[in-house]
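Visitor: Handing over input_1.cif, mmCIF, C-alpha atoms.
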data_coords
loop_
_atom_site.label_atom_id
_atom_site.label_comp_id
_atom_site.auth_asym_id
_atom_site.auth_seq_id
_atom_site.Cartn_x
_atom_site.Cartn_y
_atom_site.Cartn_z
CA MET A 30 -40.93 15.85 19.21
CA PRO A 31 -38.10 13.51 18.24
CA GLU A 32 -35.18 13.52 20.64
CA PRO A 33 -31.95 15.00 19.24
CA ILE A 34 -29.32 12.46 18.22
CA GLU A 35 -26.09 12.93 20.12
CA THR A 36 -23.04 12.95 17.86
CA PRO A 37 -20.04 11.17 19.37
CA SER A 38 -17.27 13.62 20.06
CA LEU A 39 -13.68 13.30 18.90
CA LEU A 40 -12.63 12.80 22.49
CA SER A 41 -14.91 9.78 22.89
CA PHE A 42 -13.54 8.25 19.69
CA ALA A 43 -9.99 8.74 20.95
CA GLY A 44 -10.91 7.26 24.32
CA ASP A 45 -12.48 4.18 22.75
CA ALA A 46 -9.46 3.67 20.49
CA LEU A 47 -7.13 3.95 23.48
CA LYS A 48 -9.19 1.43 25.44
CA ARG A 49 -9.05 -1.03 22.53
CA GLN A 50 -5.28 -0.68 22.32
CA VAL A 51 -4.84 -1.18 26.06
CA LEU A 52 -7.07 -4.28 25.97
CA ALA A 53 -5.12 -5.64 22.99
CA VAL A 54 -1.81 -5.18 24.83
CA GLN A 55 -3.27 -6.86 27.91
CA ASP A 56 -4.61 -9.75 25.86
CA TYR A 57 -1.27 -10.16 24.06
CA SER A 58 0.68 -10.10 27.35
CA LEU A 59 -1.54 -12.72 29.00
CA LEU A 60 -1.42 -14.95 25.92
CA SER A 61 2.38 -14.72 25.72
CA LEU A 62 2.75 -15.43 29.44
CA GLN A 63 0.50 -18.48 29.18
CA SER A 64 2.48 -19.86 26.24
CA VAL A 65 5.72 -19.57 28.23
CA LEU A 66 4.28 -21.04 31.45
CA ASN A 67 3.08 -24.07 29.48
CA LEU A 68 6.74 -25.10 29.22
CA PHE A 69 6.78 -26.02 32.90
CA THR A 70 3.68 -28.23 32.94
CA PRO A 71 2.87 -31.32 30.86
CA PRO A 72 2.06 -32.11 28.17
CA VAL A 73 4.62 -30.48 25.88
CA TYR A 74 4.15 -31.35 22.21
CA TRP A 75 7.76 -32.05 21.22
CA THR A 76 6.85 -33.51 17.83
CA ASP A 77 5.11 -30.30 16.83
CA THR A 78 8.07 -28.34 18.21
CA MET A 79 10.56 -30.26 16.07
CA GLU A 80 8.41 -29.70 12.98
CA GLN A 81 8.35 -25.97 13.66
CA MET A 82 12.11 -25.94 14.19
CA ASP A 83 12.52 -27.45 10.75
CA VAL A 84 10.13 -24.94 9.16
CA ILE A 85 11.65 -21.91 10.89
CA GLY A 86 15.31 -22.87 11.03
CA VAL A 87 16.05 -24.94 7.95
CA GLY A 88 13.46 -23.11 5.87
CA SER A 89 15.09 -19.74 6.57
CA LEU A 90 18.69 -20.76 5.79
CA SER A 91 18.59 -19.78 2.12
CA ILE A 92 17.55 -16.17 2.72
CA ILE A 93 19.98 -15.90 5.66
CA PHE A 94 22.87 -17.06 3.46
CA ALA A 95 22.03 -14.66 0.64
CA ALA A 96 21.49 -11.66 2.91
CA ALA A 97 24.58 -12.29 5.03
CA LEU A 98 26.94 -12.65 2.06
CA SER A 99 25.62 -9.46 0.52
CA ILE A 100 25.71 -7.41 3.71
CA GLY A 101 29.20 -8.56 4.66
CA GLY A 102 30.48 -7.64 1.22
CA VAL A 103 28.70 -4.28 1.17
CA MET A 104 30.16 -3.34 4.55
CA VAL A 105 33.68 -3.81 3.22
CA LEU A 106 32.92 -1.91 0.02
CA GLN A 107 31.52 1.04 1.96
CA THR A 108 34.41 1.22 4.43
CA ALA A 109 37.29 0.32 2.11
CA ALA A 110 37.83 3.88 0.88
CA GLN A 111 38.03 5.27 4.42
CA PHE A 112 40.41 2.56 5.61
CA GLU A 113 42.67 3.07 2.61
CA ARG A 114 42.71 6.84 3.15
CA PHE A 115 44.15 6.43 6.64
CA GLY A 116 46.23 3.37 5.84
CA GLU A 117 44.31 1.16 8.26
CA THR A 118 43.00 -1.56 5.97
CA ALA A 119 43.82 -4.13 8.66
CA LEU A 120 40.88 -2.78 10.68
CA THR A 121 38.42 -4.15 8.14
CA GLY A 122 38.09 -7.43 10.03
CA ASP A 123 37.43 -5.57 13.28
CA ALA A 124 34.71 -3.38 11.77
CA VAL A 125 32.87 -6.21 10.02
CA SER A 126 33.06 -8.51 13.04
CA LEU A 127 31.83 -5.96 15.59
CA ALA A 128 29.04 -4.64 13.38
CA LEU A 129 27.72 -8.10 12.54
CA VAL A 130 27.90 -9.62 16.01
CA ARG A 131 26.65 -6.61 17.94
CA GLU A 132 23.90 -5.26 15.74
CA LEU A 133 23.46 -6.25 12.11
CA GLY A 134 23.36 -9.99 12.67
CA PRO A 135 20.58 -10.07 15.31
CA ALA A 136 18.53 -7.21 13.83
CA ILE A 137 18.56 -8.22 10.17
CA THR A 138 18.07 -11.90 10.95
CA ALA A 139 15.07 -11.04 13.12
CA LEU A 140 13.55 -8.89 10.37
CA LEU A 141 14.06 -11.62 7.77
CA VAL A 142 12.60 -14.29 10.04
CA ALA A 143 9.67 -12.00 10.90
CA GLY A 144 8.92 -11.42 7.23
CA ARG A 145 9.03 -15.11 6.44
CA ASN A 146 7.67 -16.80 9.57
CA ALA A 147 5.50 -14.29 11.44
CA SER A 148 3.31 -14.05 8.35
CA GLY A 149 3.26 -17.83 7.97
CA ILE A 150 2.31 -18.38 11.61
CA ALA A 151 -0.45 -15.78 11.50
CA SER A 152 -1.93 -17.12 8.26
CA GLU A 153 -1.76 -20.75 9.40
CA LEU A 154 -3.37 -20.15 12.79
CA GLY A 155 -5.83 -17.66 11.31
CA SER A 156 -6.98 -20.23 8.78
CA MET A 157 -7.49 -22.73 11.60
CA VAL A 158 -9.60 -20.19 13.49
CA VAL A 159 -11.70 -19.37 10.42
CA THR A 160 -12.32 -23.05 9.63
CA GLU A 161 -13.21 -23.67 13.32
CA GLN A 162 -10.37 -26.14 13.89
CA VAL A 163 -9.37 -24.27 17.04
CA ASP A 164 -12.92 -24.56 18.39
CA ALA A 165 -12.82 -28.28 17.63
CA MET A 166 -9.63 -28.59 19.68
CA ARG A 167 -11.32 -26.94 22.64
CA ALA A 168 -14.32 -29.25 22.27
CA LEU A 169 -12.01 -32.27 22.40
CA GLY A 170 -10.31 -30.98 25.55
CA THR A 171 -7.06 -29.81 23.93
CA ASP A 172 -5.65 -26.44 24.92
CA PRO A 173 -4.97 -24.61 21.61
CA ILE A 174 -2.40 -22.34 23.28
CA ARG A 175 -0.40 -25.35 24.47
CA LYS A 176 -0.85 -27.25 21.20
CA LEU A 177 -0.40 -24.47 18.65
CA MET A 178 1.40 -21.54 20.26
CA THR A 179 3.89 -23.02 22.73
CA PRO A 180 5.69 -25.24 20.14
CA ARG A 181 6.11 -22.23 17.84
CA VAL A 182 7.47 -20.10 20.68
CA ILE A 183 10.00 -22.79 21.65
CA ALA A 184 11.05 -23.30 18.04
CA MET A 185 11.45 -19.59 17.34
CA VAL A 186 13.42 -18.85 20.51
CA THR A 187 15.71 -21.80 19.75
CA MET A 188 16.22 -21.23 16.03
CA VAL A 189 16.69 -17.46 15.82
CA PRO A 190 19.98 -17.48 17.83
CA LEU A 191 21.29 -20.29 15.63
CA LEU A 192 20.30 -18.38 12.50
CA VAL A 193 22.07 -15.31 13.86
CA ALA A 194 25.24 -17.35 14.37
CA VAL A 195 25.01 -18.54 10.76
CA PHE A 196 24.38 -14.97 9.59
CA ASP A 197 27.44 -13.66 11.44
CA PHE A 198 29.74 -16.36 10.08
CA VAL A 199 28.51 -16.11 6.50
CA GLY A 200 28.65 -12.31 6.71
CA LEU A 201 32.29 -12.52 7.76
CA ILE A 202 32.97 -14.83 4.82
CA GLY A 203 31.35 -12.31 2.47
CA GLY A 204 33.38 -9.51 4.00
CA PHE A 205 36.60 -11.49 3.68
CA ILE A 206 35.97 -12.31 0.02
CA VAL A 207 35.48 -8.66 -0.85
CA ALA A 208 38.40 -7.55 1.34
CA TYR A 209 40.67 -10.11 -0.29
CA PHE A 210 39.96 -8.88 -3.82
CA THR A 211 39.66 -5.14 -3.10
CA LEU A 212 42.06 -4.50 -0.21
CA ARG A 213 44.35 -7.48 -0.77
CA LEU A 214 44.00 -8.63 2.83
CA GLY A 215 45.24 -12.10 3.64
CA ALA A 216 43.08 -14.70 5.34
CA VAL A 217 45.23 -14.85 8.49
CA GLN A 218 45.24 -11.07 8.91
CA PHE A 219 41.50 -10.69 8.37
CA TRP A 220 40.29 -13.57 10.53
CA THR A 221 42.77 -12.94 13.35
CA ARG A 222 41.64 -9.32 13.69
CA ALA A 223 37.97 -10.30 13.35
CA ILE A 224 38.17 -12.82 16.20
CA GLN A 225 40.39 -10.76 18.50
CA ALA A 226 38.13 -7.72 18.16
CA LEU A 227 35.29 -9.53 19.94
CA GLU A 228 34.95 -9.31 23.70
CA LEU A 229 32.57 -10.92 26.17
CA GLY A 230 30.12 -8.02 26.00
CA ASP A 231 29.90 -8.29 22.22
CA LEU A 232 29.13 -12.00 22.39
CA VAL A 233 26.51 -11.46 25.10
CA GLN A 234 24.82 -8.78 22.99
CA GLY A 235 24.80 -11.10 20.00
CA GLY A 236 23.34 -13.92 22.10
CA VAL A 237 20.72 -12.15 24.21
CA LYS A 238 19.08 -10.11 21.45
CA PRO A 239 18.07 -13.09 19.24
CA ILE A 240 16.33 -14.79 22.16
CA ILE A 241 14.19 -11.72 22.86
CA PHE A 242 13.56 -11.15 19.16
CA GLY A 243 12.48 -14.77 18.65
CA LEU A 244 10.01 -14.49 21.52
CA ILE A 245 8.57 -11.29 20.04
CA ILE A 246 8.19 -12.73 16.53
CA ALA A 247 6.52 -15.95 17.70
CA THR A 248 4.12 -14.35 20.17
CA VAL A 249 3.04 -11.56 17.82
CA GLY A 250 2.46 -13.99 14.95
CA CYS A 251 0.46 -16.39 17.14
CA TYR A 252 -1.55 -13.58 18.72
CA GLN A 253 -2.55 -12.14 15.36
CA GLY A 254 -3.46 -15.57 14.03
CA LEU A 255 -5.51 -16.69 17.03
CA ARG A 256 -7.41 -13.40 17.19
CA VAL A 257 -8.52 -13.36 13.55
CA LYS A 258 -11.95 -11.91 12.84
CA GLY A 259 -13.80 -11.43 9.57
CA GLY A 260 -13.20 -14.65 7.67
CA THR A 261 -10.57 -14.96 4.96
CA GLN A 262 -10.16 -11.19 4.72
CA GLY A 263 -9.29 -11.17 8.39
CA VAL A 264 -6.58 -13.75 7.74
CA GLY A 265 -4.99 -11.46 5.17
CA ARG A 266 -5.10 -8.50 7.53
CA ALA A 267 -3.64 -10.57 10.37
CA THR A 268 -0.78 -11.73 8.15
CA THR A 269 0.19 -8.20 7.19
CA THR A 270 -0.27 -6.88 10.72
CA ALA A 271 1.89 -9.65 12.20
CA VAL A 272 4.85 -8.76 9.96
CA VAL A 273 4.53 -5.01 10.54
CA ILE A 274 4.07 -5.16 14.30
CA SER A 275 6.77 -7.77 14.91
CA SER A 276 9.29 -5.87 12.74
CA VAL A 277 8.63 -2.53 14.42
CA PHE A 278 8.57 -4.17 17.86
CA VAL A 279 11.95 -5.79 17.18
CA LEU A 280 13.52 -2.47 16.15
CA VAL A 281 12.15 -0.62 19.17
CA VAL A 282 13.23 -3.32 21.62
CA ASP A 283 16.62 -3.47 19.89
CA PHE A 284 17.28 0.15 20.80
CA PHE A 285 16.55 -0.36 24.49
CA LEU A 286 18.42 -3.67 24.65
CA ALA A 287 21.48 -2.12 22.98
CA ARG A 288 21.41 0.79 25.42
CA LEU A 289 21.08 -1.51 28.42
CA LEU A 290 23.79 -3.96 27.33
CA LEU A 291 26.22 -1.21 26.42
CA PHE A 292 25.69 0.32 29.85
CA ILE A 293 26.29 -3.02 31.56
CA PHE A 294 29.45 -3.99 29.68
CA GLN A 295 31.06 -0.58 29.56
CA LYS A 296 31.14 -0.31 33.35
#
Re-express the file's structure as C-alpha cells.
Guide:
Amino acid sequence: MPEPIETPSLLSFAGDALKRQVLAVQDYSLLSLQSVLNLFTPPVYWTDTMEQMDVIGVGSLSIIFAAALSIGGVMVLQTAAQFERFGETALTGDAVSLALVRELGPAITALLVAGRNASGIASELGSMVVTEQVDAMRALGTDPIRKLMTPRVIAMVTMVPLLVAVFDFVGLIGGFIVAYFTLRLGAVQFWTRAIQALELGDLVQGGVKPIIFGLIIATVGCYQGLRVKGGTQGVGRATTTAVVISSVFVLVVDFFLARLLLFIFQK
C-alpha cells in the first residue's frame, strides 16, 4: 500500500519562514560589517567613491530643494493661525528651526534619498549579479564587497548629512518667505529667533541621525542588489524591496534614536 503523504503543518511553515528571516538578518549584518571594516584595510577605491558621491549628493539636490521649500512653507501656513491667535507670531522661527533640525530634516531627507538611491543601488548591483559581472570580479581576484559596496557606503554616509544641512537651510528659507508675506515677520526677527532657538542637543540630533540613516540606506540597497535571485524579475523585486525596507528601517530607527538623544540631552 502506498505510504500516506505527510502534509506540512502551519507551525512548520511558520518555523521555516522565521528561520529564513533570521538567516537574512544575519547575512545582512555580516555583509554590512564587512563593508565597514574594509575602510581600515587597503585597497580603498576612492575614484568609485567620488563617483558615488556625485550620483548621490549632487543628483539628489533638486528633489531636496523642492521638498524643503515646500515643507518649510507648509509648516508656517499650518502654524500661522495658532500663533496669531495667541499673539506669538515671533515664535514662528523657533518652531520651524526646531522641527527641521531635530526631526523633519533628517527623516524626510533620508526617505527621499532612499527612494531615489536605494532603488538605484539595488537595480545596478542586481543587474551586475544577473549578468555575472560580480562572478567575473571574483574570478579576477577582486572582492566585490570592497569594490562595489564599500564606496557606496562611504558616499552615502558622507552625503546624507550634507543633504540634511541643505534641507534645513532651504526649509528655513521657505518658512521665512511664507512668514514674511503672511505674518509680516521681518528677516532679522525670523532668523534671529530661528538661530537662537537651537541648542547643542538639537544640533547633535540633526547630525547623528543622518549618519545612521545613510548607513542603513546604503547597506540595505547593496544587500538587496547583491542577493538578487530569479533573473531580471528578481532585479525588479530587489529594487522595490530595497526602498520599502530602507524607508521602514529608517523610521523605526528614528524613533529609538530620538528617544535616546532626548534622554541624553535633557539630563
Visitor: List the spatial neighbours of A:Gln253 as a compact mmCIF listing (two decimals) with C-alpha atoms, in the coordinates of the input - criterion: any atom at most 8 Å away, all atoms listed in the file, same-chain residues fewer than 6 positions off excluded.
Guide:
# COMPACT_ATOMS: atom_id res chain seq x y z
CA ALA A 151 -0.45 -15.78 11.50
CA GLY A 155 -5.83 -17.66 11.31
CA ALA A 267 -3.64 -10.57 10.37
CA THR A 268 -0.78 -11.73 8.15
CA THR A 270 -0.27 -6.88 10.72
CA ALA A 271 1.89 -9.65 12.20
Visitor: Spell out the residues picked by the PyMOL selection byres ((chain A and resi 223) around 12) here, as a ChimeraX atom specification.
Guide: /A:119-130,197-198,200-202,204-205,216-222,224-228
Visitor: Just the residues within 8 Å of stretch 279-287 of chain A, please, counting all atoms listed in the file, with nothing from its chain fewer than 5 positions along; format it as a list in words.
Guide: Ala136, Ala139, Leu140, Gln234, Lys238, Phe242, Ile245 and Ile246 of chain A
Visitor: List the spatial neighbours of A:Ala184 as a list in words - criterion: any atom at most 7 Å away, only C-alpha atoms, same-chain residues fewer than 3 positions off excluded.
Guide: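 My list of contacting residues is Thr78, Gln81, Met82, Pro180, Arg181, Thr187 and Met188 of chain A.
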Visitor: Which one is closest to A:Leu212: A:Val105, A:Leu66, A:Val158, A:Ala247? Count all atoms listed in the file.
Guide: A:Val105
Visitor: In terms of the shortest atom-to-atom distance over all atoms listed in the file, which of A:Asp231, A:Glu161, A:Asp172, A:Asp77 is closest to A:Ser64?
Guide: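 Closest candidate: A:Asp172.
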Visitor: Do you know which residues the PyMOL selection byres ((chain A and resi 154) around 8) returns on this file, as a PDB file with C-alpha atoms, in the frame of the given file?
Guide:
ATOM      1  CA  ILE A 150       2.310 -18.380  11.610  1.00  0.00           C
ATOM      2  CA  ALA A 151      -0.450 -15.780  11.500  1.00  0.00           C
ATOM      3  CA  SER A 152      -1.930 -17.120   8.260  1.00  0.00           C
ATOM      4  CA  GLU A 153      -1.760 -20.750   9.400  1.00  0.00           C
ATOM      5  CA  GLY A 155      -5.830 -17.660  11.310  1.00  0.00           C
ATOM      6  CA  SER A 156      -6.980 -20.230   8.780  1.00  0.00           C
ATOM      7  CA  MET A 157      -7.490 -22.730  11.600  1.00  0.00           C
ATOM      8  CA  VAL A 158      -9.600 -20.190  13.490  1.00  0.00           C
ATOM      9  CA  LEU A 177      -0.400 -24.470  18.650  1.00  0.00           C
ATOM     10  CA  CYS A 251       0.460 -16.390  17.140  1.00  0.00           C
ATOM     11  CA  GLY A 254      -3.460 -15.570  14.030  1.00  0.00           C
ATOM     12  CA  LEU A 255      -5.510 -16.690  17.030  1.00  0.00           C
TER      13      LEU A 255
END
Visitor: Mind pulling up the distance from atom CA of A:Gln162 to atom CA of A:Gly243?
Guide: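 We find that atom CA of A:Gly243 and atom CA of A:Gln162 lie 26.0 Å from each other.
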Visitor: Could you list, as JSON, numbers by chain, every residue within 7 Å of stretch 91-94 of chain A, counting all atoms listed in the file and ignoring same-chain residues fewer than 5 positions away?
Guide: {"A": [138, 196, 199]}
Visitor: Could you state the separation of atom CA of A:Asp83 and atom CA of A:Pro190 in Å, given to one decimal place?
Guide: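 Atom-to-atom, atom CA of A:Asp83 and atom CA of A:Pro190 are spaced 14.3 Å apart.
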Visitor: So the first atom is atom CA of A:Ser148 and the second is atom CA of A:Val186; what is the distance between them in Å, to one decimal place?
Guide: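 It comes out at 16.5 Å.
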Visitor: Taking into account all atoms listed in the file, which residue in the set A:Gln107, A:Ile274, A:Gln50, A:Leu229 is nearest to A:Gln295?
Guide: A:Leu229
Visitor: Using all atoms listed in the file, find the one residue out of A:Pro71, A:Val159, A:Gln63, A:Val84 that sits nearest to A:Gln262.
Guide: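 Using all atoms listed in the file, A:Gln262 sits closest to A:Val159.
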